[in-house]
$ cat entry19.txt   # compact mmCIF, C-alpha atoms
# COMPACT_ATOMS: atom_id res chain seq x y z
CA MET A 1 -28.36 -12.75 -10.94
CA ILE A 2 -25.40 -11.28 -9.12
CA LYS A 3 -25.69 -7.89 -7.42
CA THR A 4 -22.61 -5.73 -7.00
CA GLU A 5 -22.54 -2.71 -4.66
CA LYS A 6 -19.45 -0.56 -4.64
CA ILE A 7 -18.43 0.38 -1.11
CA ASP A 8 -15.27 2.27 -1.88
CA GLU A 9 -12.41 2.23 -4.39
CA ASN A 10 -11.03 -1.00 -3.01
CA SER A 11 -14.07 -2.98 -1.95
CA GLU A 12 -17.49 -4.05 -3.09
CA ARG A 13 -20.33 -6.16 -1.75
CA ILE A 14 -21.32 -9.12 -3.91
CA THR A 15 -24.76 -10.64 -3.42
CA ASN A 16 -25.67 -13.96 -5.00
CA ASN A 17 -29.27 -13.52 -6.11
CA GLY A 18 -29.10 -16.50 -8.44
CA ASP A 19 -29.94 -20.12 -7.74
CA ALA A 20 -26.47 -21.63 -8.00
CA VAL A 21 -23.65 -21.70 -5.47
CA MET A 22 -20.78 -19.50 -6.54
CA SER A 23 -17.27 -18.93 -5.22
CA ILE A 24 -15.66 -15.51 -5.25
CA TYR A 25 -12.24 -14.51 -4.07
CA ASP A 26 -11.26 -11.83 -1.58
CA TYR A 27 -7.95 -10.11 -2.44
CA ARG A 28 -8.04 -12.03 -5.72
CA GLY A 29 -4.65 -12.58 -7.29
CA THR A 30 -2.69 -11.47 -4.22
CA PRO A 31 -0.84 -13.62 -1.65
CA TYR A 32 -3.76 -12.93 0.74
CA GLU A 33 -6.35 -14.41 -1.61
CA GLU A 34 -9.18 -16.21 0.19
CA GLN A 35 -12.11 -18.09 -1.29
CA ILE A 36 -15.64 -17.14 -0.19
CA VAL A 37 -18.44 -19.57 -1.07
CA LEU A 38 -21.77 -17.81 -1.58
CA LYS A 39 -24.90 -19.89 -1.49
CA PRO A 40 -28.03 -18.37 -3.10
CA GLY A 41 -29.05 -15.32 -1.10
CA GLU A 42 -25.73 -14.83 0.63
CA SER A 43 -23.46 -11.82 0.25
CA ALA A 44 -19.91 -10.91 1.12
CA VAL A 45 -17.52 -7.98 0.84
CA ILE A 46 -14.46 -8.47 -1.31
CA HIS A 47 -11.38 -6.32 -1.62
CA HIS A 48 -9.32 -5.86 -4.74
CA LYS A 49 -5.97 -4.74 -3.39
CA TYR A 50 -4.30 -5.50 -0.07
CA ILE A 51 -3.44 -2.22 1.56
CA GLU A 52 -0.97 -2.48 4.42
CA LYS A 53 -1.69 -0.45 7.50
CA PRO A 54 0.98 2.20 7.90
CA GLU A 55 3.23 1.60 10.92
CA GLU A 56 2.34 3.73 13.93
CA LYS A 57 5.02 6.34 14.43
CA LYS A 58 6.60 6.19 17.88
CA THR A 59 6.61 9.65 19.40
CA GLU A 60 9.71 10.55 21.35
CA GLU A 61 9.08 11.42 24.93
CA LYS A 62 10.08 15.00 25.63
CA GLU A 63 12.90 15.55 28.11
CA THR A 64 10.73 17.61 30.48
CA GLU A 65 7.94 15.05 30.43
CA ARG A 66 10.43 12.32 31.27
CA ASN A 67 11.85 14.29 34.19
CA GLU A 68 8.40 14.95 35.54
CA ARG A 69 7.60 11.25 35.34
CA ILE A 70 10.74 10.33 37.32
CA GLU A 71 10.09 13.07 39.86
CA ILE A 72 6.61 11.76 40.51
CA SER A 73 7.99 8.28 41.01
CA LYS A 74 10.61 9.51 43.49
CA ALA A 75 8.01 11.35 45.47
CA GLU A 76 5.82 8.26 45.62
CA ARG A 77 8.72 6.18 46.81
CA LYS A 78 9.57 8.65 49.61
CA ALA A 79 6.00 8.61 50.77
CA PHE A 80 5.97 4.83 50.78
CA PHE A 81 9.10 4.49 52.92
CA LYS A 82 7.88 7.16 55.33
CA LYS A 83 4.70 5.14 55.87
CA LYS A 84 6.69 2.01 56.57
CA LYS A 85 8.64 3.68 59.33
CA MET B 1 -11.49 -42.86 8.34
CA ALA B 2 -12.18 -44.95 5.24
CA PHE B 3 -13.11 -44.24 1.68
CA PRO B 4 -16.61 -45.36 0.62
CA ASP B 5 -16.90 -48.48 -1.53
CA ILE B 6 -17.62 -46.28 -4.55
CA TRP B 7 -18.21 -42.59 -5.16
CA GLY B 8 -21.95 -42.81 -5.80
CA GLU B 9 -25.08 -40.74 -5.78
CA GLY B 10 -24.89 -37.42 -3.99
CA THR B 11 -21.11 -37.28 -3.80
CA ALA B 12 -20.18 -35.24 -6.89
CA LEU B 13 -19.79 -31.50 -7.21
CA VAL B 14 -18.98 -29.60 -10.41
CA ALA B 15 -17.68 -26.04 -10.68
CA ILE B 16 -17.03 -24.28 -13.97
CA THR B 17 -15.03 -21.06 -14.14
CA ALA B 18 -14.38 -18.80 -17.08
CA SER B 19 -10.90 -17.30 -17.03
CA GLY B 20 -10.97 -14.29 -14.70
CA GLY B 21 -14.45 -15.10 -13.44
CA SER B 22 -16.13 -16.61 -10.39
CA ASP B 23 -16.63 -20.35 -9.88
CA ILE B 24 -20.18 -21.38 -10.66
CA ASP B 25 -21.52 -24.61 -9.23
CA PHE B 26 -23.36 -26.76 -11.77
CA SER B 27 -24.09 -29.66 -9.43
CA ALA B 28 -27.79 -28.87 -9.18
CA VAL B 29 -28.39 -29.20 -12.94
CA VAL B 30 -25.92 -31.85 -14.13
CA ASN B 31 -27.05 -35.48 -14.12
CA SER B 32 -24.13 -37.15 -15.84
CA ILE B 33 -20.40 -36.59 -16.25
CA ASP B 34 -18.15 -38.36 -18.71
CA ILE B 35 -14.40 -37.77 -18.53
CA ASP B 36 -12.65 -39.05 -21.62
CA MET B 37 -9.01 -38.66 -20.66
CA GLY B 38 -6.69 -38.60 -23.64
CA ASP B 39 -4.92 -41.83 -24.42
CA LYS B 40 -1.18 -42.16 -23.95
CA ASP B 41 -0.76 -44.55 -26.81
CA PHE B 42 2.11 -45.93 -28.82
CA ASP B 43 2.71 -47.44 -32.22
CA SER B 44 4.75 -50.55 -32.63
CA ILE B 45 7.01 -50.63 -35.64
CA PRO B 46 8.16 -54.00 -36.93
CA THR B 47 11.86 -54.39 -37.51
CA ILE B 48 13.42 -56.52 -40.21
CA ARG B 49 14.08 -59.35 -37.82
CA GLY B 50 10.50 -59.58 -36.67
CA GLY B 51 10.84 -57.59 -33.47
CA ARG B 52 9.00 -54.45 -32.57
CA VAL B 53 10.06 -51.00 -31.52
CA LYS B 54 7.69 -48.79 -29.60
CA LYS B 55 7.13 -45.26 -30.81
CA GLN B 56 5.25 -43.16 -28.28
CA THR B 57 2.40 -41.12 -29.70
CA PRO B 58 1.61 -37.75 -28.12
CA GLU B 59 -0.96 -37.81 -25.33
CA ALA B 60 -4.39 -37.12 -26.78
CA ASP B 61 -6.75 -34.34 -25.78
CA THR B 62 -9.13 -34.80 -22.86
CA THR B 63 -12.84 -34.09 -23.07
CA VAL B 64 -15.30 -33.70 -20.22
CA THR B 65 -18.93 -34.10 -21.25
CA PHE B 66 -21.89 -33.12 -19.11
CA GLU B 67 -25.58 -33.74 -19.52
CA GLY B 68 -27.84 -31.44 -17.62
CA TYR B 69 -30.75 -29.10 -17.41
CA PRO B 70 -29.66 -25.44 -17.51
CA LEU B 71 -32.70 -23.18 -17.67
CA ASP B 72 -31.64 -19.77 -18.92
CA LEU B 73 -28.79 -17.47 -19.98
CA ASP B 74 -27.82 -16.27 -16.51
CA THR B 75 -24.02 -16.47 -16.40
CA THR B 76 -24.05 -16.12 -12.62
CA SER B 77 -25.93 -19.39 -12.73
CA THR B 78 -25.79 -22.49 -14.92
CA ASP B 79 -25.95 -20.92 -18.37
CA VAL B 80 -24.10 -22.76 -21.13
CA LEU B 81 -25.27 -20.81 -24.17
CA GLN B 82 -23.60 -17.47 -23.39
CA ARG B 83 -20.50 -19.36 -22.32
CA PHE B 84 -20.54 -21.17 -25.67
CA PHE B 85 -21.34 -18.31 -28.03
CA THR B 86 -19.47 -15.40 -26.53
CA THR B 87 -16.74 -14.37 -24.09
CA ARG B 88 -16.96 -13.21 -20.47
CA ALA B 89 -16.19 -9.66 -21.56
CA ASN B 90 -19.39 -9.68 -23.64
CA TRP B 91 -21.83 -11.51 -21.39
CA ASP B 92 -25.29 -10.02 -21.19
CA THR B 93 -26.03 -9.74 -17.48
CA SER B 94 -29.11 -7.60 -17.03
CA GLY B 95 -32.67 -7.29 -18.22
CA ILE B 96 -33.80 -9.64 -20.96
CA LEU B 97 -30.71 -11.73 -21.63
CA SER B 98 -29.73 -12.55 -25.17
CA VAL B 99 -26.72 -13.89 -27.02
CA THR B 100 -25.73 -14.29 -30.64
CA ASN B 101 -22.76 -16.13 -32.11
CA ALA B 102 -21.12 -12.90 -33.26
CA ILE B 103 -17.94 -13.12 -31.17
CA LEU B 104 -15.04 -15.02 -32.72
CA LYS B 105 -12.84 -15.15 -29.62
CA ARG B 106 -13.19 -18.08 -27.22
CA ASP B 107 -12.81 -18.15 -23.47
CA ASN B 108 -10.72 -20.59 -21.52
CA PHE B 109 -12.43 -22.45 -18.71
CA ARG B 110 -11.45 -24.40 -15.64
CA VAL B 111 -13.56 -27.43 -14.78
CA VAL B 112 -13.33 -28.86 -11.27
CA ILE B 113 -15.12 -32.03 -10.20
CA THR B 114 -14.94 -33.12 -6.56
CA TRP B 115 -16.32 -36.28 -5.03
CA THR B 116 -16.88 -36.23 -1.28
CA GLU B 117 -19.46 -37.51 1.18
CA ASN B 118 -19.17 -34.35 3.30
CA THR B 119 -22.45 -32.54 2.71
CA THR B 120 -21.15 -29.27 4.19
CA VAL B 121 -18.85 -28.85 1.18
CA SER B 122 -20.97 -26.76 -1.17
CA SER B 123 -18.61 -26.07 -4.05
CA ALA B 124 -16.29 -28.32 -6.03
CA THR B 125 -13.48 -25.79 -5.54
CA ALA B 126 -14.02 -25.39 -1.79
CA LEU B 127 -11.87 -26.74 1.00
CA VAL B 128 -12.65 -30.29 2.12
CA PRO B 129 -11.88 -30.42 5.83
CA THR B 130 -9.90 -32.96 7.75
CA GLY B 131 -11.99 -36.00 8.52
CA SER B 132 -13.55 -36.21 5.06
CA GLU B 133 -12.26 -38.21 2.13
CA ALA B 134 -12.33 -36.62 -1.28
CA LEU B 135 -11.26 -37.04 -4.86
CA ARG B 136 -10.83 -34.01 -7.10
CA PHE B 137 -10.22 -33.54 -10.81
CA VAL B 138 -9.05 -30.16 -12.08
CA VAL B 139 -8.64 -29.34 -15.75
CA ILE B 140 -7.63 -25.89 -16.96
CA LYS B 141 -7.32 -24.19 -20.34
CA CYS B 142 -10.45 -25.92 -21.58
CA GLN B 143 -12.65 -24.66 -24.32
CA LEU B 144 -16.39 -25.23 -24.40
CA VAL B 145 -16.39 -26.94 -27.78
CA SER B 146 -19.90 -28.30 -28.02
CA VAL B 147 -23.39 -27.52 -26.74
CA LYS B 148 -26.25 -29.67 -28.00
CA PRO B 149 -29.75 -28.89 -26.71
CA SER B 150 -32.39 -31.51 -27.24
CA PHE B 151 -36.05 -31.65 -26.32
CA THR B 152 -37.09 -35.28 -26.25
CA ASP B 153 -39.36 -37.12 -23.82
CA ASN B 154 -40.69 -33.68 -22.84
CA GLU B 155 -37.47 -32.50 -21.29
CA LEU B 156 -35.00 -29.88 -22.51
CA LYS B 157 -31.59 -31.37 -21.95
CA PHE B 158 -28.19 -29.90 -22.83
CA THR B 159 -25.16 -31.99 -23.63
CA PHE B 160 -22.10 -29.77 -23.35
CA LYS B 161 -18.49 -30.68 -23.78
CA PHE B 162 -15.22 -29.13 -22.62
CA LYS B 163 -12.00 -30.08 -24.33
CA CYS B 164 -8.43 -29.39 -23.41
CA ALA B 165 -4.98 -30.24 -24.63
CA PRO B 166 -2.86 -32.22 -22.15
CA PHE B 167 -0.22 -29.51 -21.96
CA GLN B 168 0.14 -25.80 -22.52
CA LYS B 169 2.54 -24.27 -24.98
CA ASP B 170 5.36 -24.28 -22.40
CA GLY B 171 4.71 -27.87 -21.32
CA THR B 172 2.73 -27.06 -18.15
CA ALA B 173 0.22 -29.80 -17.42
CA ASN B 174 -3.47 -28.95 -17.75
CA LEU B 175 -4.85 -31.93 -15.84
CA THR B 176 -4.56 -32.58 -12.10
CA TRP B 177 -6.05 -35.25 -9.90
CA LYS B 178 -5.99 -34.89 -6.10
CA SER B 179 -7.26 -37.09 -3.32
CA SER B 180 -7.46 -36.85 0.44
CA ASP B 181 -7.91 -39.73 2.88
CA GLY B 182 -9.21 -37.30 5.50
CA THR B 183 -5.99 -36.98 7.47
CA ALA B 184 -5.26 -33.61 5.88
CA THR B 185 -7.29 -30.78 4.43
CA LEU B 186 -7.91 -30.75 0.71
CA THR B 187 -7.31 -27.04 0.22
CA ALA B 188 -9.58 -24.78 -1.78
CA GLU B 189 -8.62 -24.08 -5.37
CA SER B 190 -7.15 -20.65 -6.15
CA SER B 191 -8.95 -18.21 -8.39
CA TYR B 192 -8.69 -19.00 -12.09
CA THR B 193 -7.19 -16.15 -14.07

$ encode --input "entry19.txt" --output "structure tokens"
Amino acid sequence: MIKTEKIDENSERITNNGDAVMSIYDYRGTPYEEQIVLKPGESAVIHHKYIEKPEEKKTEEKETERNERIEISKAERKAFFKKKK
Amino acid sequence: MAFPDIWGEGTALVAITASGGSDIDFSAVVNSIDIDMGDKDFDSIPTIRGGRVKKQTPEADTTVTFEGYPLDLDTTSTDVLQRFFTTRANWDTSGILSVTNAILKRDNFRVVITWTENTTVSSATALVPTGSEALRFVVIKCQLVSVKPSFTDNELKFTFKFKCAPFQKDGTANLTWKSSDGTATLTAESSYT
């Protein structure tokens, strides 16, 4: 028998409790479809839809933060050249 | 790499898939496979001067007949009776399994037979890696047209037959043969919808 456990809306765990090898498909019907061969006793998680990760939004550096960063660098440089002398 | 002299014992794998379902491997219960590919015949018509003209006849249907030893009605295993009598939408999958011939609709099936000596390949639809020779037969849009159980010589044996037309309504071919000499991967079959 096959055992199906729902994990969330988009995925479920399939366990092959039978005595025959079976092949299931992750992301079935999508361009990302991948075959998973389950021997008796094996299980795998399959997904129904491919959900793209949203792009990480780049945060703009604030003007003051940028100035502070440059100032720190200038200070470090001054200290470095003083040491050299 | 070289092909074996013949594809013999221990080299065949069979997977049967109902449309929209998972591929189920029947290799452990099948002991014979007969592929009767449809003839591509012609008629010859005599002309008045004694010659002949060839008239092609349409390619005949193909049947794939298995003999084997399925044990129960588990459709996640090697059941043939539920697959014969009813459709995937109506399969009984829990408790005491039972089926009647009450459903008039018929499922389509895909039958895949792969011959390879690579023992790590565990399904007929699975990828056969580089370095292993293989021969594969894929037939889609089949119907399970016949199931004949018989209990003779103290063994319950099922003879079950899949039949398909050579082409679909739009002319798409239903039969495919593939082979790999090991220099490239024989890719896994896609899901059958």

$ atom_distance --input "entry19.txt" --atom1 "CA of Thr11 (chain B)" --atom2 "CA of Pro70 (chain B)"
20.0 Å

$ closest_atom_pairs --input "entry19.txt" --of "region 90-148 of chain B" --to "region 23-36 of chain A" --cutoff "8 Å" --atoms "all atoms listed in the file" --output "JSON lines"
{"residue": "B:Ser123", "atom": "CA", "partner": "A:Ser23", "partner_atom": "CA", "distance": 7.4}
{"residue": "B:Thr125", "atom": "CA", "partner": "A:Ser23", "partner_atom": "CA", "distance": 7.8}
{"residue": "B:Ala126", "atom": "CA", "partner": "A:Gln35", "partner_atom": "CA", "distance": 7.6}

$ residues_around --input "entry19.txt" --residues "region 100-114 of chain B" --least-positions-apart "5" --cutoff "9 Å" --atoms "all atoms listed in the file" --output "ChimeraX atom specification"
/B:11-19,23,64,82-88,90,123-125,134-144,162,189,192

$ interface_residues --input "entry19.txt" --of "chain B" --to "chain A" --cutoff "9 Å" --atoms "only C-alpha atoms" --output "list of chain:residue names"
B:Ala15, B:Gly21, B:Ser22, B:Asp23, B:Ile24, B:Asp25, B:Phe26, B:Ser27, B:Ala28, B:Asp74, B:Thr75, B:Thr76, B:Ser77, B:Thr78, B:Thr93, B:Ser94, B:Ser122, B:Ser123, B:Thr125, B:Ala126, B:Leu127, B:Ala188, B:Glu189, B:Ser190, B:Ser191, B:Tyr192, B:Thr193

$ closest_residue --input "entry19.txt" --among "B:Lys55, B:Lys148, B:Lys178, B:Lys40" --to "Phe160 (chain B)" --atoms "all atoms listed in the file"
B:Lys148

$ atom_distance --input "entry19.txt" --atom1 "CA of Tyr69 (chain B)" --atom2 "CA of Phe151 (chain B)"
10.7 Å

$ build_atoms --input "entry19.txt" --residues "region 107-118 of chain B" --atoms "all heavy atoms" --output "short mmCIF file (atom, residue, chain, number, x, y, z; two decimals), keeping the file's coordinate frame"
data_model
loop_
_atom_site.label_atom_id
_atom_site.label_comp_id
_atom_site.auth_asym_id
_atom_site.auth_seq_id
_atom_site.Cartn_x
_atom_site.Cartn_y
_atom_site.Cartn_z
N ASP B 107 -13.33 -18.17 -24.83
CA ASP B 107 -12.81 -18.15 -23.47
C ASP B 107 -12.14 -19.47 -23.13
O ASP B 107 -12.45 -20.52 -23.70
CB ASP B 107 -13.96 -17.95 -22.46
CG ASP B 107 -14.23 -16.48 -22.19
OD1 ASP B 107 -13.33 -15.65 -22.42
OD2 ASP B 107 -15.34 -16.17 -21.73
N ASN B 108 -11.22 -19.38 -22.16
CA ASN B 108 -10.72 -20.59 -21.52
C ASN B 108 -11.50 -20.83 -20.24
O ASN B 108 -11.94 -19.88 -19.59
CB ASN B 108 -9.23 -20.43 -21.16
CG ASN B 108 -8.35 -20.61 -22.36
OD1 ASN B 108 -8.65 -21.41 -23.25
ND2 ASN B 108 -7.27 -19.87 -22.42
N PHE B 109 -11.67 -22.08 -19.91
CA PHE B 109 -12.43 -22.45 -18.71
C PHE B 109 -11.60 -23.39 -17.84
O PHE B 109 -10.72 -24.10 -18.32
CB PHE B 109 -13.74 -23.15 -19.08
CG PHE B 109 -14.75 -22.26 -19.73
CD1 PHE B 109 -14.78 -22.13 -21.11
CD2 PHE B 109 -15.66 -21.55 -18.97
CE1 PHE B 109 -15.70 -21.30 -21.72
CE2 PHE B 109 -16.59 -20.72 -19.58
CZ PHE B 109 -16.61 -20.60 -20.95
N ARG B 110 -11.94 -23.38 -16.56
CA ARG B 110 -11.45 -24.40 -15.64
C ARG B 110 -12.67 -25.23 -15.21
O ARG B 110 -13.72 -24.66 -14.87
CB ARG B 110 -10.81 -23.77 -14.40
CG ARG B 110 -10.38 -24.80 -13.36
CD ARG B 110 -9.76 -24.17 -12.14
NE ARG B 110 -10.71 -23.43 -11.34
CZ ARG B 110 -10.38 -22.73 -10.26
NH1 ARG B 110 -9.13 -22.66 -9.88
NH2 ARG B 110 -11.31 -22.08 -9.58
N VAL B 111 -12.50 -26.52 -15.24
CA VAL B 111 -13.56 -27.43 -14.78
C VAL B 111 -13.02 -28.18 -13.57
O VAL B 111 -11.93 -28.77 -13.64
CB VAL B 111 -13.97 -28.42 -15.89
CG1 VAL B 111 -14.99 -29.42 -15.35
CG2 VAL B 111 -14.54 -27.67 -17.08
N VAL B 112 -13.74 -28.13 -12.48
CA VAL B 112 -13.33 -28.86 -11.27
C VAL B 112 -14.46 -29.78 -10.85
O VAL B 112 -15.62 -29.35 -10.76
CB VAL B 112 -13.02 -27.89 -10.11
CG1 VAL B 112 -12.60 -28.66 -8.86
CG2 VAL B 112 -11.93 -26.91 -10.51
N ILE B 113 -14.13 -31.04 -10.67
CA ILE B 113 -15.12 -32.03 -10.20
C ILE B 113 -14.56 -32.62 -8.91
O ILE B 113 -13.42 -33.07 -8.87
CB ILE B 113 -15.34 -33.15 -11.24
CG1 ILE B 113 -15.72 -32.54 -12.59
CG2 ILE B 113 -16.42 -34.11 -10.76
CD1 ILE B 113 -15.72 -33.52 -13.74
N THR B 114 -15.36 -32.56 -7.85
CA THR B 114 -14.94 -33.12 -6.56
C THR B 114 -15.96 -34.14 -6.11
O THR B 114 -17.17 -33.90 -6.20
CB THR B 114 -14.83 -32.00 -5.51
OG1 THR B 114 -13.83 -31.07 -5.93
CG2 THR B 114 -14.45 -32.55 -4.14
N TRP B 115 -15.45 -35.26 -5.64
CA TRP B 115 -16.32 -36.28 -5.03
C TRP B 115 -16.01 -36.32 -3.54
O TRP B 115 -14.86 -36.47 -3.13
CB TRP B 115 -16.03 -37.66 -5.63
CG TRP B 115 -16.47 -37.83 -7.05
CD1 TRP B 115 -17.66 -38.34 -7.47
CD2 TRP B 115 -15.72 -37.53 -8.22
NE1 TRP B 115 -17.71 -38.35 -8.85
CE2 TRP B 115 -16.53 -37.86 -9.33
CE3 TRP B 115 -14.44 -37.01 -8.47
CZ2 TRP B 115 -16.10 -37.70 -10.65
CZ3 TRP B 115 -14.02 -36.83 -9.77
CH2 TRP B 115 -14.85 -37.18 -10.84
N THR B 116 -17.04 -36.13 -2.72
CA THR B 116 -16.88 -36.23 -1.28
C THR B 116 -18.23 -36.55 -0.66
O THR B 116 -19.28 -36.16 -1.20
CB THR B 116 -16.30 -34.94 -0.67
OG1 THR B 116 -16.16 -35.11 0.74
CG2 THR B 116 -17.19 -33.74 -0.94
N GLU B 117 -18.20 -37.21 0.50
CA GLU B 117 -19.46 -37.51 1.18
C GLU B 117 -19.81 -36.42 2.20
O GLU B 117 -20.86 -36.49 2.83
CB GLU B 117 -19.38 -38.86 1.88
CG GLU B 117 -19.38 -40.04 0.91
CD GLU B 117 -19.46 -41.37 1.60
OE1 GLU B 117 -18.90 -41.51 2.72
OE2 GLU B 117 -20.07 -42.30 1.04
N ASN B 118 -18.91 -35.43 2.34
CA ASN B 118 -19.17 -34.35 3.30
C ASN B 118 -20.18 -33.38 2.71
O ASN B 118 -19.89 -32.65 1.76
CB ASN B 118 -17.85 -33.63 3.61
CG ASN B 118 -17.99 -32.59 4.70
OD1 ASN B 118 -19.06 -32.02 4.88
ND2 ASN B 118 -16.92 -32.35 5.42
#
